[in-house]
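Enquirer: Quick one: the structure is below, and I'll ask about it shortly.
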Amino acid sequence: MTDAYGDSPPLTEEQRAVVDLPWDARLLVTARAGSGKTHTVVRRLDALVAHEDPEEALEASEILVLSFSRAAVRELRDRIARHGDRARRVRVQTFDSWAYQLLVSAYPNGEWTARSFDERIRAASDAIMKGAVEASEVGAPSHVVIDEAQDLVGDRRDLVETLLDRFQRSCGFTVVGDSAQGIYSFQIKDPAERAGETDRFFAWLRTSYDDLVELELTENFRAKSTETRTALTLGARLQNLAASTDGQEAAAAALHTELRNRLLELPGLGDLANEFMLNALKTYPGTCAILTRDNRQALAVSELLHEHGVEHVLKRSLQDRPVPYWVAELLRRAESSTLTEPRFLELLEGIPLVADVEPERCWRSLRAATRRTGRGLVDVPTVRRLVAEGRFPDDLADPETARLLVSTVHRAKGLEYDRVLLPSPLSVAELRKAHDDLDVPAEARALYVAMTRAREDMYHVTGPDTSRIRRHRPTGRWYLGGWQKHERYGIQVVPGDVHREQPPGTDNGDGSAETTQAYLLEQVHPGDAVTLRRRHALPMGPDQCPPYDLVHRDRVIGEVSEHFRRDLYAVETISRSWDVTWPVEIVGLRVDTLETVAGSTASGINAGLGNSGVWIAPRITGIGRHRRGERAGEE
């Protein structure tokens with residue numbers, strides 16, 4: 001038999017100790033940055049289902065793997081597909097996806113798509129306590145693997161604790177995490193509660209299970225140079241940062257200062273906008289990430305790069321999961337309610353796909369997602385429901401495959417790159433001036449995470465000025481302001497800003513929806529410039545701005561949603577007596593991706609797109625600039 005792991009590194013003694021424990025062990029693994037955590041988890045999964053003693057082997061369906069982000073899920077599934085043997089059928093999902101599927105299974109009549117992520121997590125915790133897991137089609141797990149456990153805070157921590165509590169007598173678990181990399185405490189709004197969340201899940205495990213086994217993965221396999229290893233020695237001290245008492249606050253501030261000093265002692269590349277730097281970004285052959293402290297800085301960096309023609313991707317939120325465009329085309333071209341593998345692959349062959357889409361993998365994932373409809377078939381109506389209900393498989397979510405990535409540290413969690421550029425961080429004193437409720441331990445951990453993403457080299461750079469990018473707190477959007485409080489020169493676009501209820505081009509008639517779908521598929525690509533152009537000057541309703549068309553090379557490819565119209569109205573309206581001059585255009589925006597969206601079946605039929613009820617729509621990103629009239633260029 002061929003060794004499934006022949007092309008991967010052999011297990012170290014630390015990793016082997018994790019892999020070889022029996023299925024009923026309660027295991028907590030502290031895995032430091034770059035220590036081969038994913039490789040170890042995959043090998044553990046395979047060992048659980050391929051144990052040489054049949055009495056000790058588990059069925060793949062008896063194992064549940066939950067992780068924090070889609071990126072981590074995708075990485076795990078990729079590794080399992082490449083190196084797993086019998087573990088290929090193991091369930092790997094995000095916490096949010098698993099909670100949603102549990103609710104749909106337990107309460108199929110509930111309107112779960114209308115509930116927020118956090119509301120669904122809380123409802124899932126309640127469902128677990130009422131026996132929903134045991135009653136589900138798959139049944140209770142025998143072993144649960146929790147990845148990125150340090151990021152479990154608030155409702156998601158409650159969910160996992162409830163799950164493990166429910167099956168504590170019959171279920172083993174493998175929990176993997178590193179408190180030095182816990183950077184999601186900001187999700188807890190109350191500062192006092194936020195401080196108490198640090199290490200809370202690990203503390204719960206230690207007090208709840210007398211037989212808990214604790215192991216460590218300490219050897220680093222990622223960093224290949226002195227520069228990329230510069231932060232690693234501080235990981236152990238960061239692990240010891242607990243609740244934010246006065247002493248811990250001072251210790252965290254000292255760690256942040258030491259990390260910052262070590263970064264600034266490394267070679268710098270100067271201003272991100274200088275010609276040398278821009279040429280280096282354009283020509284660097286490996287993967288490169290510019291990691292920023294927050295979304296404001298990421299928007300400013302992305303805008304600068306676009307102005308200088310540097311191709312890149314602005315990384316999406318971890319909860320943002322656009323369904324890839326090929327799904328709409330697949331369903332539109334399908335002429336039956338089920339697809340066999342040959343027909344599925346034949347249809348995909350006729351659709352232009354991005355380089356990282358593997359047709360065989362798409363088939364395997366959708367077949368598994370629609371498995372109740374029969375072996376060897378993909379059920380078309382079920383795929384449509386997966387899109388409409390937000391349950392499309394995480395591992396098939398639209399990939400962000402670019403050589404150069406701009407991302408916040410939080411969105412790059414768990415990922416690695418050949419080269420990392422970090423805008424020079426502010427000192428703790430400078431951060432305190434800008435943020436009243438600064439979480440110093442979280443700042444130290446975030447800087448550590450940023451400094452441990454690189455494989456080959458790491459540099460600090462001078463980032464763009466962000467002083468004019470401000471937060472509109474009622475809507476949560478960033479906008480471009482001026483020296484005066486009332487000045488508005490631009491606005492951020494977010495997912496959901498493009499109208500989805502009808503196919504683009506429907507209002508134009510004469511088959512425009514069909515030709516618009518073809519134009520999107522053939523002519524519109526991620527990174528393309530787009531403009532929001534005002535259709536007329538009349539507001540669409542109370543507390544709304546006028547309608548805006550989405551224009552690509554002078555062709556209308558969509559229109560803004562009511563959500564955008566209300567938010568633009570809120571941002572632009574300083575007071576009820578304020579007379580707003582609505583921008584004629586909003587320029588400087590980009591296509592993020594093309595996505596499959598679901599609307600009514602009738603809308604699709606009326607538009608000439610068949611009866612699948614799904615179609616392609618553009619998703620846009622960036623912070624646009626207003627053009628209000630003849631002097632727009634000066635603005």
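Residue numbering restarts at 1 in every chain; chains get A, B, ... in the order shown in the structure tokens, and ligands count up from 1 in that same order.
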Can you build me a table of region 509-561 of chain A residues sitting at most 12 Å from region 335-357 of chain A, with the closest atom pair per residue and its distance in Å to one decimal, using only C-alpha atoms, sorted by chain and residue number, as a tab-separated table?
Expert:
```
residue	atom	partner	partner_atom	distance
A:Ala518	CA	A:Ile351	CA	10.9
A:Leu520	CA	A:Pro352	CA	11.3
A:Leu521	CA	A:Pro352	CA	7.6
A:Glu522	CA	A:Pro352	CA	7.9
A:Gln523	CA	A:Pro352	CA	11.0
A:Val524	CA	A:Pro352	CA	11.8
A:His525	CA	A:Val354	CA	10.1
A:Pro526	CA	A:Val354	CA	10.6
```
Enquirer: What's the 6 Å shell around Thr596 (chain A), counting only C-alpha atoms, without same-chain residues fewer than 3 positions away, as a compact mmCIF listing (two decimals) with N, CA and C atoms, in the first residue's frame?
Expert:
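Printed below is selection37.txt as written:
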```txt
# COMPACT_ATOMS: atom_id res chain seq x y z
N VAL A 323 -20.93 32.57 -2.07
CA VAL A 323 -21.00 31.32 -2.84
C VAL A 323 -20.41 31.59 -4.22
N PRO A 324 -19.49 30.77 -4.72
CA PRO A 324 -18.82 31.07 -5.98
C PRO A 324 -19.79 31.12 -7.16
N TYR A 325 -19.44 31.93 -8.15
CA TYR A 325 -20.32 32.20 -9.28
C TYR A 325 -20.65 30.97 -10.11
N ALA A 328 -24.18 29.20 -9.82
CA ALA A 328 -25.34 29.71 -10.55
C ALA A 328 -25.34 29.21 -11.99
N TRP A 615 -28.65 33.28 -9.46
CA TRP A 615 -27.97 33.97 -10.55
C TRP A 615 -26.68 34.59 -10.03
N ILE A 616 -25.90 35.13 -10.94
CA ILE A 616 -24.62 35.75 -10.59
C ILE A 616 -24.85 37.23 -10.29
```
Enquirer: Select, from A:Ala132, A:Val498, A:Leu64, A:Leu421, the residue with the minimum atom-to-atom distance to Thr593 (chain A), counting only C-alpha atoms.
Expert: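 Using only C-alpha atoms, the shortest distance to Thr593 (chain A) belongs to A:Val498.
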Enquirer: Looking only at strand (DSSP E) from DSSP on the backbone, list the matching residues of region 458-572 of chain A as a count of residues only.
Expert: 35
Enquirer: When you look at region 226-229 of chain A with a cut-off of 8 Å (counting only C-alpha atoms), what residues show up, excluding the ones that are within fewer than 2 positions of it in the same chain? I need them as a PyMOL selection string.
Expert: chain A and resi 223-224+231-233+266+451-452+454-458
Enquirer: Using the chain letters and numbers from this document, which residues of region 505-565 of chain A does DSSP assign to alpha helix (DSSP H), as number ranges by chain?
Expert: A: 512-523, 562-565
Enquirer: Go through A:Val571, A:Val327, A:Ala300, A:Ile121 and flag the residue nearest Leu314 (chain A), using only C-alpha atoms for the distances.
Expert: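 Among A:Val571, A:Val327, A:Ala300, A:Ile121, it is A:Ala300 that comes nearest to Leu314 (chain A).
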Enquirer: Please, what distance in Å, to one decimal, runs between CA of Arg74 (chain A) and CA of Ala180 (chain A)?
Expert: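 Separating CA of Arg74 (chain A) from CA of Ala180 (chain A) is a distance of 23.1 Å.
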Enquirer: In Å, rounded to a single decimal, give me how far CA of Ala250 (chain A) is from CA of Glu216 (chain A).
Expert: 27.1 Å
